[in-house]
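Asks: The following block contains the structure, expressed as structure tokens.
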Amino acid sequence: MNPLEILAQDAVHLQHSFDSTFVFGGVTQYTLYMILCFIITLVVVLTVGRRLTLVPKSKFANMVEYGYEFVKKDMGEGAIGHGYKKHLPFLATMFFFILICNFVGLIPGSKAATGSISITWALAAISFVYFNYWGIKAHGGWGYIKSIAPSGLPKVMVPVIWFFEFISLVLRVLTLAVRLYGNMFAGHMVLGIFALATSVFISAGLQGDFLFFLPPVGWMALLIAMYALEVLVAFLQAYVFTTLSAVYISLATSEH
């Protein structure tokens, strides 16, 4: 059979391999990977917490501490400003959990928990509830509702602007969820297609037509380049999700 026909058929199976399937009971493979990543995150935090010293001696502890400082300065202090310290546990947890989920998903044969829209919805919902909670705590219930519209507007414009600002507020949970899911799913799909194309044409070459060995050389190079890019995307998506959460906290708690 023509390798392109085989590739087209296998691509359909590849796409379906990303669908959620129940492993046991009502638990899907994405849920299992989410639990695994939660355990890894917990172990990392507890292990590094016990090894903290004035001058870090462990490279691993130093790397995690650098990541925490990055969250503290860039996402906490940089995005929230005054009062950022009380939000650091939430921001650091989000950042490290999403980062670990993304990196675990890059291991061949594994699944990225963030490649499931239901899990990214859950993460986005947690962030949404969190910044709204702090907004209500900062302004009071009615004060927070009024603060959705910027102050200083003509009274006749307040209901219109408030409505559009409220829609924008609600859509934040959608943008957080879809951005993270879309980037992780698309990246893994591209990696899968390149890996599949490489294996199909190598198999065809082994069956006698050595010309089929030529395309996989380029695809293998692209696969390596795409894998390196996906590592960067895994970090950037954790960064973007956490930074946006910090910005939303700042907008919810600040005076408009």
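Chain labels A, B, ... are given in the sequence in which chains occur in the structure tokens; within each chain residues are numbered consecutively from 1, and ligands are likewise numbered from 1 in the order shown.
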Determine, using only C-alpha atoms, which residues of segment 144-211 of chain A have any atom at most 10 Å from an atom of segment 239-243 of chain A, and tabulate each with its shortest atom pair and distance in Å to one decimal place, rows ordered by chain and then rising number, as CSV.
Replies:
```
residue,atom,partner,partner_atom,distance
A:Thr175,CA,A:Phe241,CA,9.7
A:Leu176,CA,A:Phe241,CA,6.4
A:Ala177,CA,A:Phe241,CA,8.8
A:Arg179,CA,A:Phe241,CA,8.4
A:Leu180,CA,A:Phe241,CA,7.3
```
Asks: Could you turn the residues from that selection into a file that holds all heavy atoms, as a PDB file, in the first residue's frame?
Replies:
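That gives us part_4.pdb:
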```pdb
ATOM      1  N   THR A 175     -11.149  31.826  27.968  1.00  0.00           N
ATOM      2  CA  THR A 175      -9.861  32.066  27.321  1.00  0.00           C
ATOM      3  C   THR A 175      -8.730  31.333  28.030  1.00  0.00           C
ATOM      4  O   THR A 175      -7.820  30.809  27.380  1.00  0.00           O
ATOM      5  CB  THR A 175      -9.554  33.568  27.262  1.00  0.00           C
ATOM      6  OG1 THR A 175      -9.589  34.131  28.589  1.00  0.00           O
ATOM      7  CG2 THR A 175     -10.574  34.297  26.402  1.00  0.00           C
ATOM      8  N   LEU A 176      -8.779  31.284  29.352  1.00  0.00           N
ATOM      9  CA  LEU A 176      -7.746  30.555  30.100  1.00  0.00           C
ATOM     10  C   LEU A 176      -7.766  29.072  29.743  1.00  0.00           C
ATOM     11  O   LEU A 176      -6.718  28.456  29.504  1.00  0.00           O
ATOM     12  CB  LEU A 176      -7.961  30.730  31.606  1.00  0.00           C
ATOM     13  CG  LEU A 176      -7.505  32.042  32.247  1.00  0.00           C
ATOM     14  CD1 LEU A 176      -7.947  32.087  33.705  1.00  0.00           C
ATOM     15  CD2 LEU A 176      -6.001  32.225  32.142  1.00  0.00           C
ATOM     16  N   ALA A 177      -8.964  28.499  29.697  1.00  0.00           N
ATOM     17  CA  ALA A 177      -9.090  27.061  29.444  1.00  0.00           C
ATOM     18  C   ALA A 177      -8.714  26.698  28.015  1.00  0.00           C
ATOM     19  O   ALA A 177      -7.935  25.772  27.773  1.00  0.00           O
ATOM     20  CB  ALA A 177     -10.520  26.605  29.744  1.00  0.00           C
ATOM     21  N   ARG A 179      -7.025  28.436  25.669  1.00  0.00           N
ATOM     22  CA  ARG A 179      -5.648  28.741  25.258  1.00  0.00           C
ATOM     23  C   ARG A 179      -4.697  27.627  25.676  1.00  0.00           C
ATOM     24  O   ARG A 179      -3.877  27.162  24.882  1.00  0.00           O
ATOM     25  CB  ARG A 179      -5.198  30.064  25.866  1.00  0.00           C
ATOM     26  CG  ARG A 179      -3.771  30.457  25.473  1.00  0.00           C
ATOM     27  CD  ARG A 179      -3.298  31.697  26.192  1.00  0.00           C
ATOM     28  NE  ARG A 179      -3.992  32.896  25.726  1.00  0.00           N
ATOM     29  CZ  ARG A 179      -4.924  33.537  26.409  1.00  0.00           C
ATOM     30  NH1 ARG A 179      -5.303  33.082  27.603  1.00  0.00           N
ATOM     31  NH2 ARG A 179      -5.494  34.618  25.928  1.00  0.00           N
ATOM     32  N   LEU A 180      -4.795  27.194  26.922  1.00  0.00           N
ATOM     33  CA  LEU A 180      -3.910  26.144  27.426  1.00  0.00           C
ATOM     34  C   LEU A 180      -4.174  24.827  26.709  1.00  0.00           C
ATOM     35  O   LEU A 180      -3.232  24.160  26.240  1.00  0.00           O
ATOM     36  CB  LEU A 180      -4.113  25.980  28.938  1.00  0.00           C
ATOM     37  CG  LEU A 180      -3.281  24.897  29.635  1.00  0.00           C
ATOM     38  CD1 LEU A 180      -1.792  25.127  29.420  1.00  0.00           C
ATOM     39  CD2 LEU A 180      -3.613  24.849  31.125  1.00  0.00           C
TER      40      LEU A 180
END
```
Asks: Can you list, as number ranges by chain, every protein, DNA or RNA residue that comes within 10 Å of segment 166-174 of chain A when you count only C-alpha atoms, leaving out same-chain residues fewer than 3 positions away?
Replies: A: 120-129, 132, 145, 148-149, 160-163, 177-179, 244-245, 248, 252
Asks: Write out as an NGL selection string which residues come within 10 Å of Thr253 of chain A when counting only C-alpha atoms, dropping same-chain ones fewer than 6 positions away.
Replies: :A and (80 or 83 or 131-139 or 144 or 147)
Asks: Could you write out the selected residues, including N, CA and C atoms, as a PDB file, in the first residue's frame?
Replies:
```
ATOM      1  N   ILE A  80       0.948  41.908  40.128  1.00  0.00           N
ATOM      2  CA  ILE A  80       0.000  42.291  41.184  1.00  0.00           C
ATOM      3  C   ILE A  80       0.474  43.532  41.936  1.00  0.00           C
ATOM      4  N   GLY A  83       0.822  43.809  48.034  1.00  0.00           N
ATOM      5  CA  GLY A  83      -0.006  42.727  48.563  1.00  0.00           C
ATOM      6  C   GLY A  83       0.113  41.428  47.803  1.00  0.00           C
ATOM      7  N   PHE A 131      -9.782  34.703  41.842  1.00  0.00           N
ATOM      8  CA  PHE A 131      -9.638  36.161  41.732  1.00  0.00           C
ATOM      9  C   PHE A 131     -10.942  36.892  42.014  1.00  0.00           C
ATOM     10  N   ASN A 132     -12.081  36.252  41.747  1.00  0.00           N
ATOM     11  CA  ASN A 132     -13.351  36.879  42.114  1.00  0.00           C
ATOM     12  C   ASN A 132     -13.545  36.904  43.626  1.00  0.00           C
ATOM     13  N   TYR A 133     -13.104  35.849  44.297  1.00  0.00           N
ATOM     14  CA  TYR A 133     -13.180  35.809  45.764  1.00  0.00           C
ATOM     15  C   TYR A 133     -12.403  36.967  46.364  1.00  0.00           C
ATOM     16  N   TRP A 134     -11.171  37.162  45.866  1.00  0.00           N
ATOM     17  CA  TRP A 134     -10.358  38.250  46.409  1.00  0.00           C
ATOM     18  C   TRP A 134     -10.893  39.617  45.998  1.00  0.00           C
ATOM     19  N   GLY A 135     -11.552  39.702  44.846  1.00  0.00           N
ATOM     20  CA  GLY A 135     -12.189  40.946  44.458  1.00  0.00           C
ATOM     21  C   GLY A 135     -13.329  41.306  45.389  1.00  0.00           C
ATOM     22  N   ILE A 136     -14.150  40.311  45.737  1.00  0.00           N
ATOM     23  CA  ILE A 136     -15.254  40.526  46.680  1.00  0.00           C
ATOM     24  C   ILE A 136     -14.710  40.855  48.068  1.00  0.00           C
ATOM     25  N   LYS A 137     -13.623  40.186  48.447  1.00  0.00           N
ATOM     26  CA  LYS A 137     -13.023  40.443  49.753  1.00  0.00           C
ATOM     27  C   LYS A 137     -12.452  41.857  49.832  1.00  0.00           C
ATOM     28  N   ALA A 138     -11.931  42.351  48.724  1.00  0.00           N
ATOM     29  CA  ALA A 138     -11.324  43.684  48.709  1.00  0.00           C
ATOM     30  C   ALA A 138     -12.361  44.802  48.659  1.00  0.00           C
ATOM     31  N   HIS A 139     -13.461  44.589  47.917  1.00  0.00           N
ATOM     32  CA  HIS A 139     -14.436  45.662  47.701  1.00  0.00           C
ATOM     33  C   HIS A 139     -15.782  45.425  48.373  1.00  0.00           C
ATOM     34  N   TYR A 144     -17.799  45.188  44.632  1.00  0.00           N
ATOM     35  CA  TYR A 144     -17.100  44.489  43.546  1.00  0.00           C
ATOM     36  C   TYR A 144     -17.941  44.467  42.277  1.00  0.00           C
ATOM     37  N   SER A 147     -17.601  47.739  40.735  1.00  0.00           N
ATOM     38  CA  SER A 147     -16.246  48.010  40.239  1.00  0.00           C
ATOM     39  C   SER A 147     -15.972  47.362  38.882  1.00  0.00           C
TER      40      SER A 147
END
```
Asks: Run DSSP on the backbone and give me the residues of segment 64-217 of chain A it puts in alpha helix (DSSP H), as number ranges by chain.
Replies: A: 64-70, 88-104, 117-139, 141-147, 158-206, 214-217
Asks: Could you check how far atom CA of Met34 of chain A sits from atom CA of Ile98 of chain A, in Å to one decimal?
Replies: 9.6 Å
Asks: Give the answer as one residue: which of A:Met226, A:Val231, A:Leu153, A:Leu46 has the shortest atom-to-atom distance to Gly105 of chain A, using only C-alpha atoms?
Replies: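 Looking at the shortest contact to Gly105 of chain A, the residue is A:Val231.
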Asks: For atom CA of Ala225 of chain A and atom CA of Ser199 of chain A, quote the distance in Å rounded to one decimal.
Replies: 17.0 Å
Asks: Out of segment 4-179 of chain A, which residues get strand (DSSP E) from DSSP, as a VMD selection string?
Replies: chain A and resid 22 to 24 27 to 28
Asks: Filtering to N, CA and C atoms, could you give me those residues as a CSV table (one decimal), in the first residue's frame?
Replies:
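Contents of result16.csv, freshly written:
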```csv
chain,number,residue,atom,x,y,z
A,22,PHE,N,-12.2,5.8,29.3
A,22,PHE,CA,-12.3,5.4,30.7
A,22,PHE,C,-11.3,4.2,31.0
A,23,VAL,N,-10.5,4.4,32.0
A,23,VAL,CA,-9.5,3.3,32.3
A,23,VAL,C,-10.2,2.4,33.3
A,24,PHE,N,-10.8,2.9,34.3
A,24,PHE,CA,-11.6,2.1,35.2
A,24,PHE,C,-12.7,3.0,35.8
A,27,VAL,N,-13.0,7.0,35.7
A,27,VAL,CA,-11.7,7.7,35.6
A,27,VAL,C,-11.1,7.5,34.2
A,28,THR,N,-10.7,8.6,33.6
A,28,THR,CA,-10.1,8.6,32.3
A,28,THR,C,-8.6,8.6,32.5
```
Asks: One decimal, Å: what's the distance from atom CA of Phe90 of chain A over to atom CA of Phe164 of chain A, could you say?
Replies: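 Result for atom CA of Phe90 of chain A versus atom CA of Phe164 of chain A: 28.3 Å, one decimal.
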Asks: Using only C-alpha atoms, which protein or nucleic acid residues come within 7 Å of Ala234 of chain A? Drop anything in the same chain fewer than 2 positions from it, and give the result as an MDAnalysis selection string.
Replies: chainID A and resid 99 102:103 230:232 236:238
Asks: Which neighbours of Phe194 of chain A fall inside 8 Å, counting only C-alpha atoms, when residues of the same chain fewer than 2 positions from it are skipped, and could you give them as a PyMOL selection string?
Replies: chain A and resi 190-192+196-198+219-220+222-223
Asks: Between A:Gly115, A:Gly218, A:Gly140, A:Pro159, single out the one closest to Met184 of chain A, counting only C-alpha atoms.
Replies: A:Gly115
